Amino acid sequence: MEERDFDVIVVGSGCAGAIAAYVAAKKGKSVLVVERGEYAGAKNMTGGRIYAHSLKAVFDKYGEGEIEWDDIPFERKVTHERIAMMDATSNMTIDFTSEQLGEMGKDSYTVLRGPFDQWLAEQAENAGCEYICGIAVEELLKDESGAVIGIKAGEDEITAHVVIIAEGVNSLLAERCLGAPRPKRNEMAVGIKEVFELSPEQIEDRFLCPEGEGAAMLFVGDATHGEVGGGFLYTNKDSISLGLVATIENMSKANTTIYQCLDDFKKHPAVAPIIRGAEMVEHSGHMVSEGGYNMIPKYTYDGALIAGDAAMLCMNLGYMVRGMDLAVASGQFAAEAACDAIDAEDVSEAGLASYKQKMDNSFVIKDLATFSKWPSTMEHWDRMFTDYPKMVSEIFNAMFVVDGEPALPLKKRMMPIVKQRGLFKLASEVRGALKAL
């Protein structure tokens, strides 16, 4: 192969990009990372959750004992899972905790992406990567055959044997330079988040968590005023990340806005006590891919690979949201495939095909394929966001309200509430959801 400035150029230093750079450098390749933010994490929305198994797999394989697990800037280990269904004035929450949630290999952690992404970038730099921050990659360089041979950033043209595109969900390079389809409006959501400062003691008291542990909470129903989407809450060391995600297609037609939803959400009786007395220190917004398996674009090209959010690797199951563990694994696989192709002196699409093979044989694509029908099911399940929360409220009011009137047997109190929604329709909707999950 002809001489190039670098073996690998990585565009973007999020979870996928930083891990790709780290692995490629560990495998002895010269690596350049170009990050448009002033520093890694500057453009990422603060706060979220990572299932740690894929990160552990990378550092077990390439860390060579250099990285101590306790040194990773996680916020809190998640040992409480909460799911809430709310209407305008009521809320039903399930709170689950178990020892298995905290076991190594099954554990998950809340993170603040600013410090977390900076730490990942430091590991990549320590492995030998070069970093350029504060500049955007405007286009991909191609040769006469159309193969990618580098990038154009500002006035500079920099060449590489392989370019790994990990610039996030709004991947203009993939769209403009590689022909990746623009996501449909019903496949994308807008996320809005605020961070509230609270003391560690307040967080642990309000969520009934042991010292140093935390909770993850998802809300459905009135959180988004009945539109497809939901609320989320993650506990950090001394703050709480609180926000909403709503599908762009639905929200564009709704008689509300995501900002109004968030304002009302914070005032809801189930949320207001959690943030009582807390100072809001950050407000941010971000796009989120919601289409799952069926919106994943082609991600292997002559001289280029796409990883992480740029490859639309996100999974929202209603009771669980995953993205960072998928991004980490895709970054690892992309780097390994790129290095193997460079060693074989064939960086064509065929030479880089091991990336797709690794992805197809891993949990990344297998999990997304398993739940491929869920996004469409959720999109068309209007009553989950409107009538179901109301029904749950009526059921629990019938169970717990005592007003001095003679009480009917529980069955006679429950059945009219359920029959009002149609027993067969209700059963059909639930059965369809279970099949999709």
# chains A, B, ... in the order shown; residues from 1 in each chain; ligands from 1

call {"tool": "closest_atom_pairs", "arguments": {"of": "region 218-294 of chain A", "to": "region 43-55 of chain A", "cutoff": "7 Å", "atoms": "only C-alpha atoms", "output": "tab-separated table"}}
result
residue	atom	partner	partner_atom	distance
A:Tyr234	CA	A:Gly48	CA	6.7
A:Ser241	CA	A:Gly47	CA	5.7
A:Ser284	CA	A:Met45	CA	6.3
A:Gly285	CA	A:Met45	CA	6.8
A:His286	CA	A:Met45	CA	6.5

call {"tool": "write_last_selection", "arguments": {"atoms": "all heavy atoms", "output": "compact mmCIF listing (two decimals), in the first residue's frame"}}
result
# COMPACT_ATOMS: atom_id res chain seq x y z
N TYR A 234 -31.14 9.58 36.24
CA TYR A 234 -29.95 8.84 36.67
C TYR A 234 -29.31 9.57 37.84
O TYR A 234 -29.16 10.79 37.81
CB TYR A 234 -28.94 8.70 35.53
CG TYR A 234 -29.47 7.97 34.33
CD1 TYR A 234 -29.77 8.66 33.14
CD2 TYR A 234 -29.69 6.60 34.36
CE1 TYR A 234 -30.26 7.98 32.03
CE2 TYR A 234 -30.19 5.92 33.26
CZ TYR A 234 -30.47 6.62 32.10
OH TYR A 234 -30.96 5.95 31.01
N SER A 241 -29.27 13.47 36.87
CA SER A 241 -29.55 13.77 35.46
C SER A 241 -31.00 13.43 35.18
O SER A 241 -31.42 12.28 35.35
CB SER A 241 -28.63 12.96 34.54
OG SER A 241 -27.28 13.26 34.77
N SER A 284 -29.19 20.74 28.42
CA SER A 284 -28.64 20.39 27.10
C SER A 284 -29.67 19.58 26.31
O SER A 284 -30.65 19.08 26.85
CB SER A 284 -27.35 19.59 27.26
OG SER A 284 -27.55 18.44 28.07
N GLY A 285 -29.41 19.47 25.03
CA GLY A 285 -30.29 18.70 24.15
C GLY A 285 -29.47 17.86 23.19
O GLY A 285 -28.30 18.16 22.91
N HIS A 286 -30.10 16.81 22.66
CA HIS A 286 -29.36 15.88 21.82
C HIS A 286 -30.35 15.07 20.99
O HIS A 286 -31.49 14.84 21.40
CB HIS A 286 -28.54 14.94 22.69
CG HIS A 286 -27.46 14.20 21.98
ND1 HIS A 286 -26.46 14.82 21.29
CD2 HIS A 286 -27.22 12.87 21.86
CE1 HIS A 286 -25.63 13.92 20.78
NE2 HIS A 286 -26.08 12.72 21.11

call {"tool": "residues_around", "arguments": {"residues": "region 198-214 of chain A", "least_positions_apart": "4", "cutoff": "9 Å", "atoms": "only C-alpha atoms", "output": "ChimeraX atom specification"}}
result
/A:75-80,109-110,234-240,273-275,277-279

call {"tool": "closest_residue", "arguments": {"among": "A:Phe400, A:Phe6, A:Phe196, A:Tyr319", "to": "Gly229 (chain A)", "atoms": "only C-alpha atoms"}}
result
A:Tyr319

call {"tool": "select_by_dssp", "arguments": {"residues": "region 58-167 of chain A", "states": "helix (DSSP H, G or I)", "output": "VMD selection string"}}
result
chain A and resid 58 to 62 69 to 71 99 to 102 113 to 126

call {"tool": "write_last_selection", "arguments": {"atoms": "N, CA and C atoms", "output": "mmCIF file, in the first residue's frame"}}
result
data_model
loop_
_atom_site.group_PDB
_atom_site.id
_atom_site.type_symbol
_atom_site.label_atom_id
_atom_site.label_comp_id
_atom_site.auth_asym_id
_atom_site.auth_seq_id
_atom_site.Cartn_x
_atom_site.Cartn_y
_atom_site.Cartn_z
ATOM 1 N N VAL A 58 -12.814 -4.877 26.608
ATOM 2 C CA VAL A 58 -11.734 -4.147 25.935
ATOM 3 C C VAL A 58 -10.507 -4.061 26.828
ATOM 4 N N PHE A 59 -10.690 -3.642 28.066
ATOM 5 C CA PHE A 59 -9.535 -3.426 28.940
ATOM 6 C C PHE A 59 -8.928 -4.743 29.428
ATOM 7 N N ASP A 60 -9.736 -5.789 29.531
ATOM 8 C CA ASP A 60 -9.174 -7.100 29.863
ATOM 9 C C ASP A 60 -8.261 -7.592 28.741
ATOM 10 N N LYS A 61 -8.645 -7.271 27.491
ATOM 11 C CA LYS A 61 -7.888 -7.761 26.335
ATOM 12 C C LYS A 61 -6.680 -6.890 26.030
ATOM 13 N N TYR A 62 -6.831 -5.569 26.184
ATOM 14 C CA TYR A 62 -5.774 -4.657 25.751
ATOM 15 C C TYR A 62 -5.146 -3.842 26.880
ATOM 16 N N TRP A 69 -9.931 -0.794 37.507
ATOM 17 C CA TRP A 69 -11.367 -0.573 37.350
ATOM 18 C C TRP A 69 -11.852 0.580 38.229
ATOM 19 N N ASP A 70 -11.288 0.679 39.433
ATOM 20 C CA ASP A 70 -11.713 1.724 40.358
ATOM 21 C C ASP A 70 -11.283 3.119 39.912
ATOM 22 N N ASP A 71 -10.359 3.195 38.940
ATOM 23 C CA ASP A 71 -9.903 4.498 38.454
ATOM 24 C C ASP A 71 -10.813 5.076 37.368
ATOM 25 N N GLU A 99 -28.797 -8.469 44.126
ATOM 26 C CA GLU A 99 -27.347 -8.604 44.164
ATOM 27 C C GLU A 99 -26.773 -8.729 42.753
ATOM 28 N N GLN A 100 -27.511 -9.377 41.860
ATOM 29 C CA GLN A 100 -26.999 -9.610 40.513
ATOM 30 C C GLN A 100 -26.745 -8.310 39.760
ATOM 31 N N LEU A 101 -27.511 -7.277 40.061
ATOM 32 C CA LEU A 101 -27.320 -6.010 39.365
ATOM 33 C C LEU A 101 -25.927 -5.435 39.602
ATOM 34 N N GLY A 102 -25.305 -5.808 40.706
ATOM 35 C CA GLY A 102 -23.997 -5.256 41.038
ATOM 36 C C GLY A 102 -22.837 -6.190 40.768
ATOM 37 N N ARG A 113 -20.775 12.384 30.807
ATOM 38 C CA ARG A 113 -19.977 12.150 29.608
ATOM 39 C C ARG A 113 -18.789 13.092 29.477
ATOM 40 N N GLY A 114 -18.848 14.279 30.060
ATOM 41 C CA GLY A 114 -17.691 15.164 30.000
ATOM 42 C C GLY A 114 -16.454 14.518 30.596
ATOM 43 N N PRO A 115 -16.438 14.235 31.900
ATOM 44 C CA PRO A 115 -15.267 13.589 32.501
ATOM 45 C C PRO A 115 -15.018 12.175 31.998
ATOM 46 N N PHE A 116 -16.073 11.431 31.700
ATOM 47 C CA PHE A 116 -15.900 10.052 31.236
ATOM 48 C C PHE A 116 -15.215 10.020 29.875
ATOM 49 N N ASP A 117 -15.673 10.848 28.935
ATOM 50 C CA ASP A 117 -15.068 10.872 27.605
ATOM 51 C C ASP A 117 -13.636 11.408 27.645
ATOM 52 N N GLN A 118 -13.374 12.368 28.537
ATOM 53 C CA GLN A 118 -12.002 12.861 28.674
ATOM 54 C C GLN A 118 -11.081 11.754 29.188
ATOM 55 N N TRP A 119 -11.582 10.951 30.107
ATOM 56 C CA TRP A 119 -10.775 9.835 30.618
ATOM 57 C C TRP A 119 -10.499 8.821 29.510
ATOM 58 N N LEU A 120 -11.519 8.490 28.710
ATOM 59 C CA LEU A 120 -11.300 7.570 27.585
ATOM 60 C C LEU A 120 -10.262 8.130 26.619
ATOM 61 N N ALA A 121 -10.354 9.420 26.337
ATOM 62 C CA ALA A 121 -9.387 10.049 25.443
ATOM 63 C C ALA A 121 -7.971 9.969 26.023
ATOM 64 N N GLU A 122 -7.837 10.129 27.328
ATOM 65 C CA GLU A 122 -6.527 10.017 27.969
ATOM 66 C C GLU A 122 -5.946 8.616 27.784
ATOM 67 N N GLN A 123 -6.800 7.606 27.868
ATOM 68 C CA GLN A 123 -6.301 6.236 27.659
ATOM 69 C C GLN A 123 -5.836 6.052 26.224
ATOM 70 N N ALA A 124 -6.548 6.647 25.279
ATOM 71 C CA ALA A 124 -6.130 6.557 23.882
ATOM 72 C C ALA A 124 -4.807 7.284 23.663
ATOM 73 N N GLU A 125 -4.681 8.460 24.264
ATOM 74 C CA GLU A 125 -3.425 9.213 24.135
ATOM 75 C C GLU A 125 -2.270 8.465 24.800
ATOM 76 N N ASN A 126 -2.521 7.888 25.953
ATOM 77 C CA ASN A 126 -1.481 7.115 26.640
ATOM 78 C C ASN A 126 -1.033 5.916 25.805
#

call {"tool": "select_by_dssp", "arguments": {"residues": "region 224-292 of chain A", "states": "strand (DSSP E)", "output": "PyMOL selection string"}}
result
chain A and resi 229-235+239-247+279-289

call {"tool": "residues_around", "arguments": {"residues": "region 328-341 of chain A", "least_positions_apart": "3", "cutoff": "8 Å", "atoms": "only C-alpha atoms", "output": "PyMOL selection string"}}
result
chain A and resi 8+15-21+23-24+27+29+54-55+58+162+164+305-308+324-325+344-347+351-355+358-359+364

call {"tool": "residues_around", "arguments": {"residues": "Gly179 (chain A)", "least_positions_apart": "2", "cutoff": "12 Å", "atoms": "only C-alpha atoms", "output": "PDB file with N, CA, C and O atoms, in the first residue's frame"}}
result
ATOM      1  N   LEU A 140     -14.679  13.648   3.460  1.00  0.00           N
ATOM      2  CA  LEU A 140     -13.747  12.541   3.339  1.00  0.00           C
ATOM      3  C   LEU A 140     -13.004  12.651   2.012  1.00  0.00           C
ATOM      4  O   LEU A 140     -13.606  12.956   0.980  1.00  0.00           O
ATOM      5  N   GLY A 146     -13.058   6.064  -5.816  1.00  0.00           N
ATOM      6  CA  GLY A 146     -14.097   6.370  -4.834  1.00  0.00           C
ATOM      7  C   GLY A 146     -13.807   5.836  -3.453  1.00  0.00           C
ATOM      8  O   GLY A 146     -14.625   6.007  -2.533  1.00  0.00           O
ATOM      9  N   SER A 171     -24.618  12.074  11.803  1.00  0.00           N
ATOM     10  CA  SER A 171     -23.382  11.848  11.069  1.00  0.00           C
ATOM     11  C   SER A 171     -23.475  12.411   9.653  1.00  0.00           C
ATOM     12  O   SER A 171     -23.926  11.748   8.721  1.00  0.00           O
ATOM     13  N   LEU A 172     -23.024  13.630   9.496  1.00  0.00           N
ATOM     14  CA  LEU A 172     -23.068  14.275   8.189  1.00  0.00           C
ATOM     15  C   LEU A 172     -22.080  13.653   7.223  1.00  0.00           C
ATOM     16  O   LEU A 172     -22.331  13.612   6.007  1.00  0.00           O
ATOM     17  N   LEU A 173     -20.941  13.180   7.724  1.00  0.00           N
ATOM     18  CA  LEU A 173     -19.970  12.541   6.831  1.00  0.00           C
ATOM     19  C   LEU A 173     -20.551  11.275   6.217  1.00  0.00           C
ATOM     20  O   LEU A 173     -20.390  11.025   5.014  1.00  0.00           O
ATOM     21  N   ALA A 174     -21.216  10.473   7.029  1.00  0.00           N
ATOM     22  CA  ALA A 174     -21.814   9.244   6.510  1.00  0.00           C
ATOM     23  C   ALA A 174     -22.877   9.553   5.468  1.00  0.00           C
ATOM     24  O   ALA A 174     -22.987   8.868   4.445  1.00  0.00           O
ATOM     25  N   GLU A 175     -23.637  10.606   5.709  1.00  0.00           N
ATOM     26  CA  GLU A 175     -24.708  10.968   4.786  1.00  0.00           C
ATOM     27  C   GLU A 175     -24.174  11.622   3.512  1.00  0.00           C
ATOM     28  O   GLU A 175     -24.512  11.216   2.401  1.00  0.00           O
ATOM     29  N   ARG A 176     -23.321  12.634   3.678  1.00  0.00           N
ATOM     30  CA  ARG A 176     -22.867  13.407   2.527  1.00  0.00           C
ATOM     31  C   ARG A 176     -21.814  12.695   1.688  1.00  0.00           C
ATOM     32  O   ARG A 176     -21.797  12.808   0.455  1.00  0.00           O
ATOM     33  N   CYS A 177     -20.933  11.972   2.366  1.00  0.00           N
ATOM     34  CA  CYS A 177     -19.766  11.415   1.669  1.00  0.00           C
ATOM     35  C   CYS A 177     -19.893   9.929   1.354  1.00  0.00           C
ATOM     36  O   CYS A 177     -19.211   9.433   0.445  1.00  0.00           O
ATOM     37  N   PRO A 181     -28.403   6.791   4.249  1.00  0.00           N
ATOM     38  CA  PRO A 181     -29.711   7.457   4.188  1.00  0.00           C
ATOM     39  C   PRO A 181     -29.957   8.352   5.385  1.00  0.00           C
ATOM     40  O   PRO A 181     -29.528   8.043   6.505  1.00  0.00           O
ATOM     41  N   ARG A 182     -30.627   9.479   5.155  1.00  0.00           N
ATOM     42  CA  ARG A 182     -31.024  10.343   6.267  1.00  0.00           C
ATOM     43  C   ARG A 182     -32.126   9.622   7.057  1.00  0.00           C
ATOM     44  O   ARG A 182     -33.095   9.139   6.483  1.00  0.00           O
ATOM     45  N   PRO A 183     -31.981   9.538   8.380  1.00  0.00           N
ATOM     46  CA  PRO A 183     -33.005   8.849   9.180  1.00  0.00           C
ATOM     47  C   PRO A 183     -34.376   9.501   9.019  1.00  0.00           C
ATOM     48  O   PRO A 183     -34.492  10.713   8.836  1.00  0.00           O
ATOM     49  N   PRO A 297     -27.501   1.671   9.109  1.00  0.00           N
ATOM     50  CA  PRO A 297     -27.061   1.836   7.728  1.00  0.00           C
ATOM     51  C   PRO A 297     -25.938   0.849   7.398  1.00  0.00           C
ATOM     52  O   PRO A 297     -25.421   0.146   8.277  1.00  0.00           O
ATOM     53  N   LYS A 298     -25.553   0.810   6.154  1.00  0.00           N
ATOM     54  CA  LYS A 298     -24.331   0.101   5.775  1.00  0.00           C
ATOM     55  C   LYS A 298     -23.173   0.752   6.539  1.00  0.00           C
ATOM     56  O   LYS A 298     -23.101   1.975   6.626  1.00  0.00           O
ATOM     57  N   TYR A 299     -22.280  -0.065   7.097  1.00  0.00           N
ATOM     58  CA  TYR A 299     -21.223   0.535   7.919  1.00  0.00           C
ATOM     59  C   TYR A 299     -19.810   0.074   7.538  1.00  0.00           C
ATOM     60  O   TYR A 299     -18.861   0.307   8.275  1.00  0.00           O
ATOM     61  N   THR A 300     -19.673  -0.557   6.368  1.00  0.00           N
ATOM     62  CA  THR A 300     -18.365  -0.951   5.860  1.00  0.00           C
ATOM     63  C   THR A 300     -18.220  -0.471   4.429  1.00  0.00           C
ATOM     64  O   THR A 300     -19.073  -0.750   3.577  1.00  0.00           O
ATOM     65  N   TYR A 301     -17.157   0.271   4.152  1.00  0.00           N
ATOM     66  CA  TYR A 301     -16.911   0.848   2.830  1.00  0.00           C
ATOM     67  C   TYR A 301     -15.443   0.667   2.458  1.00  0.00           C
ATOM     68  O   TYR A 301     -14.615   0.279   3.300  1.00  0.00           O
TER      69      TYR A 301
END

call {"tool": "closest_residue", "arguments": {"among": "A:Leu112, A:Ala147, A:Cys261, A:Val34", "to": "Glu349 (chain A)", "atoms": "only C-alpha atoms"}}
result
A:Ala147

call {"tool": "atom_distance", "arguments": {"atom1": "CA of Leu141 (chain A)", "atom2": "CA of Cys129 (chain A)"}}
result
20.9 Å

call {"tool": "residues_around", "arguments": {"residues": "region 219-222 of chain A", "least_positions_apart": "3", "cutoff": "10 Å", "atoms": "only C-alpha atoms", "output": "number ranges by chain"}}
result
A: 82-93, 225-233, 243-244, 261, 264-265, 268, 318-319, 382-390

call {"tool": "atom_distance", "arguments": {"atom1": "CA of Asp156 (chain A)", "atom2": "CA of Glu139 (chain A)"}}
result
11.0 Å

call {"tool": "closest_residue", "arguments": {"among": "A:Gly422, A:Val271, A:Val11, A:Ser376", "to": "Lys152 (chain A)", "atoms": "only C-alpha atoms"}}
result
A:Val11

call {"tool": "residues_around", "arguments": {"residues": "Glu194 (chain A)", "least_positions_apart": "4", "cutoff": "6 Å", "atoms": "only C-alpha atoms", "output": "list in words"}}
result
Ser241, Leu242, Glu282 and His283 of chain A

call {"tool": "write_last_selection", "arguments": {"atoms": "all heavy atoms", "output": "mmCIF file, in the first residue's frame"}}
result
data_model
loop_
_atom_site.group_PDB
_atom_site.id
_atom_site.type_symbol
_atom_site.label_atom_id
_atom_site.label_comp_id
_atom_site.auth_asym_id
_atom_site.auth_seq_id
_atom_site.Cartn_x
_atom_site.Cartn_y
_atom_site.Cartn_z
ATOM 1 N N SER A 241 -29.272 13.471 36.867
ATOM 2 C CA SER A 241 -29.546 13.770 35.461
ATOM 3 C C SER A 241 -31.003 13.426 35.185
ATOM 4 O O SER A 241 -31.423 12.281 35.351
ATOM 5 C CB SER A 241 -28.630 12.955 34.543
ATOM 6 O OG SER A 241 -27.277 13.255 34.774
ATOM 7 N N LEU A 242 -31.782 14.419 34.775
ATOM 8 C CA LEU A 242 -33.224 14.269 34.598
ATOM 9 C C LEU A 242 -33.624 14.799 33.234
ATOM 10 O O LEU A 242 -33.194 15.888 32.840
ATOM 11 C CB LEU A 242 -33.967 15.045 35.688
ATOM 12 C CG LEU A 242 -35.492 15.021 35.657
ATOM 13 C CD1 LEU A 242 -36.009 13.659 36.099
ATOM 14 C CD2 LEU A 242 -36.059 16.114 36.569
ATOM 15 N N GLU A 282 -27.035 22.466 34.658
ATOM 16 C CA GLU A 282 -26.778 22.230 33.231
ATOM 17 C C GLU A 282 -28.076 21.922 32.505
ATOM 18 O O GLU A 282 -28.957 21.239 33.029
ATOM 19 C CB GLU A 282 -25.797 21.070 33.045
ATOM 20 C CG GLU A 282 -25.440 20.817 31.585
ATOM 21 C CD GLU A 282 -24.441 19.686 31.428
ATOM 22 O OE1 GLU A 282 -23.564 19.542 32.296
ATOM 23 O OE2 GLU A 282 -24.549 18.941 30.439
ATOM 24 N N HIS A 283 -28.185 22.436 31.289
ATOM 25 C CA HIS A 283 -29.321 22.152 30.412
ATOM 26 C C HIS A 283 -28.753 21.854 29.037
ATOM 27 O O HIS A 283 -27.914 22.598 28.528
ATOM 28 C CB HIS A 283 -30.261 23.363 30.341
ATOM 29 C CG HIS A 283 -31.410 23.185 29.394
ATOM 30 N ND1 HIS A 283 -32.670 22.807 29.815
ATOM 31 C CD2 HIS A 283 -31.481 23.318 28.055
ATOM 32 C CE1 HIS A 283 -33.472 22.728 28.758
ATOM 33 N NE2 HIS A 283 -32.772 23.033 27.688
#

call {"tool": "decode", "arguments": {"residues": "region 416-425 of chain A", "atoms": "all heavy atoms", "output": "PDB file, in the first residue's frame"}}
result
ATOM      1  N   PRO A 416     -64.688  -3.482  36.007  1.00  0.00           N
ATOM      2  CA  PRO A 416     -65.244  -2.392  35.198  1.00  0.00           C
ATOM      3  C   PRO A 416     -64.164  -1.478  34.616  1.00  0.00           C
ATOM      4  O   PRO A 416     -64.304  -0.970  33.489  1.00  0.00           O
ATOM      5  CB  PRO A 416     -66.127  -1.627  36.204  1.00  0.00           C
ATOM      6  CG  PRO A 416     -66.474  -2.629  37.244  1.00  0.00           C
ATOM      7  CD  PRO A 416     -65.257  -3.498  37.371  1.00  0.00           C
ATOM      8  N   ILE A 417     -63.096  -1.298  35.363  1.00  0.00           N
ATOM      9  CA  ILE A 417     -62.013  -0.441  34.878  1.00  0.00           C
ATOM     10  C   ILE A 417     -61.336  -1.069  33.678  1.00  0.00           C
ATOM     11  O   ILE A 417     -61.052  -0.400  32.677  1.00  0.00           O
ATOM     12  CB  ILE A 417     -60.985  -0.201  36.015  1.00  0.00           C
ATOM     13  CG1 ILE A 417     -61.639   0.554  37.167  1.00  0.00           C
ATOM     14  CG2 ILE A 417     -59.771   0.553  35.492  1.00  0.00           C
ATOM     15  CD1 ILE A 417     -60.780   0.644  38.418  1.00  0.00           C
ATOM     16  N   VAL A 418     -61.092  -2.372  33.753  1.00  0.00           N
ATOM     17  CA  VAL A 418     -60.427  -3.073  32.650  1.00  0.00           C
ATOM     18  C   VAL A 418     -61.369  -3.232  31.462  1.00  0.00           C
ATOM     19  O   VAL A 418     -60.981  -3.015  30.312  1.00  0.00           O
ATOM     20  CB  VAL A 418     -59.918  -4.453  33.130  1.00  0.00           C
ATOM     21  CG1 VAL A 418     -59.300  -5.220  31.969  1.00  0.00           C
ATOM     22  CG2 VAL A 418     -58.904  -4.275  34.256  1.00  0.00           C
ATOM     23  N   LYS A 419     -62.628  -3.601  31.726  1.00  0.00           N
ATOM     24  CA  LYS A 419     -63.593  -3.802  30.636  1.00  0.00           C
ATOM     25  C   LYS A 419     -63.833  -2.532  29.843  1.00  0.00           C
ATOM     26  O   LYS A 419     -64.116  -2.570  28.649  1.00  0.00           O
ATOM     27  CB  LYS A 419     -64.923  -4.312  31.212  1.00  0.00           C
ATOM     28  CG  LYS A 419     -64.906  -5.779  31.586  1.00  0.00           C
ATOM     29  CD  LYS A 419     -66.290  -6.212  32.079  1.00  0.00           C
ATOM     30  CE  LYS A 419     -66.320  -7.678  32.380  1.00  0.00           C
ATOM     31  NZ  LYS A 419     -67.661  -8.128  32.870  1.00  0.00           N
ATOM     32  N   GLN A 420     -63.725  -1.405  30.512  1.00  0.00           N
ATOM     33  CA  GLN A 420     -63.911  -0.120  29.832  1.00  0.00           C
ATOM     34  C   GLN A 420     -62.926   0.041  28.674  1.00  0.00           C
ATOM     35  O   GLN A 420     -63.223   0.696  27.675  1.00  0.00           O
ATOM     36  CB  GLN A 420     -63.728   1.011  30.847  1.00  0.00           C
ATOM     37  CG  GLN A 420     -63.922   2.405  30.271  1.00  0.00           C
ATOM     38  CD  GLN A 420     -63.664   3.476  31.324  1.00  0.00           C
ATOM     39  OE1 GLN A 420     -63.613   3.194  32.521  1.00  0.00           O
ATOM     40  NE2 GLN A 420     -63.499   4.698  30.875  1.00  0.00           N
ATOM     41  N   ARG A 421     -61.765  -0.579  28.800  1.00  0.00           N
ATOM     42  CA  ARG A 421     -60.746  -0.484  27.739  1.00  0.00           C
ATOM     43  C   ARG A 421     -60.892  -1.597  26.703  1.00  0.00           C
ATOM     44  O   ARG A 421     -60.218  -1.554  25.670  1.00  0.00           O
ATOM     45  CB  ARG A 421     -59.339  -0.572  28.350  1.00  0.00           C
ATOM     46  CG  ARG A 421     -58.801   0.757  28.855  1.00  0.00           C
ATOM     47  CD  ARG A 421     -59.346   1.150  30.189  1.00  0.00           C
ATOM     48  NE  ARG A 421     -58.903   2.507  30.571  1.00  0.00           N
ATOM     49  CZ  ARG A 421     -59.286   3.099  31.681  1.00  0.00           C
ATOM     50  NH1 ARG A 421     -60.101   2.481  32.532  1.00  0.00           N
ATOM     51  NH2 ARG A 421     -58.862   4.322  31.949  1.00  0.00           N
ATOM     52  N   GLY A 422     -61.720  -2.563  26.970  1.00  0.00           N
ATOM     53  CA  GLY A 422     -61.901  -3.684  26.050  1.00  0.00           C
ATOM     54  C   GLY A 422     -60.945  -4.804  26.388  1.00  0.00           C
ATOM     55  O   GLY A 422     -59.742  -4.699  26.123  1.00  0.00           O
ATOM     56  N   LEU A 423     -61.470  -5.892  26.973  1.00  0.00           N
ATOM     57  CA  LEU A 423     -60.626  -6.979  27.406  1.00  0.00           C
ATOM     58  C   LEU A 423     -59.818  -7.577  26.267  1.00  0.00           C
ATOM     59  O   LEU A 423     -58.616  -7.829  26.391  1.00  0.00           O
ATOM     60  CB  LEU A 423     -61.478  -8.063  28.073  1.00  0.00           C
ATOM     61  CG  LEU A 423     -61.820  -7.858  29.547  1.00  0.00           C
ATOM     62  CD1 LEU A 423     -62.825  -8.902  30.006  1.00  0.00           C
ATOM     63  CD2 LEU A 423     -60.569  -7.932  30.393  1.00  0.00           C
ATOM     64  N   PHE A 424     -60.481  -7.814  25.124  1.00  0.00           N
ATOM     65  CA  PHE A 424     -59.799  -8.464  24.006  1.00  0.00           C
ATOM     66  C   PHE A 424     -58.757  -7.536  23.381  1.00  0.00           C
ATOM     67  O   PHE A 424     -57.664  -7.975  23.013  1.00  0.00           O
ATOM     68  CB  PHE A 424     -60.822  -8.918  22.957  1.00  0.00           C
ATOM     69  CG  PHE A 424     -61.670 -10.065  23.405  1.00  0.00           C
ATOM     70  CD1 PHE A 424     -63.009  -9.881  23.712  1.00  0.00           C
ATOM     71  CD2 PHE A 424     -61.128 -11.340  23.539  1.00  0.00           C
ATOM     72  CE1 PHE A 424     -63.793 -10.942  24.140  1.00  0.00           C
ATOM     73  CE2 PHE A 424     -61.905 -12.402  23.965  1.00  0.00           C
ATOM     74  CZ  PHE A 424     -63.238 -12.209  24.269  1.00  0.00           C
ATOM     75  N   LYS A 425     -59.096  -6.265  23.293  1.00  0.00           N
ATOM     76  CA  LYS A 425     -58.132  -5.313  22.734  1.00  0.00           C
ATOM     77  C   LYS A 425     -56.922  -5.184  23.644  1.00  0.00           C
ATOM     78  O   LYS A 425     -55.769  -5.157  23.189  1.00  0.00           O
ATOM     79  CB  LYS A 425     -58.789  -3.951  22.540  1.00  0.00           C
ATOM     80  CG  LYS A 425     -57.883  -2.937  21.855  1.00  0.00           C
ATOM     81  CD  LYS A 425     -58.610  -1.627  21.579  1.00  0.00           C
ATOM     82  CE  LYS A 425     -57.690  -0.656  20.836  1.00  0.00           C
ATOM     83  NZ  LYS A 425     -58.380   0.625  20.551  1.00  0.00           N
TER      84      LYS A 425
END
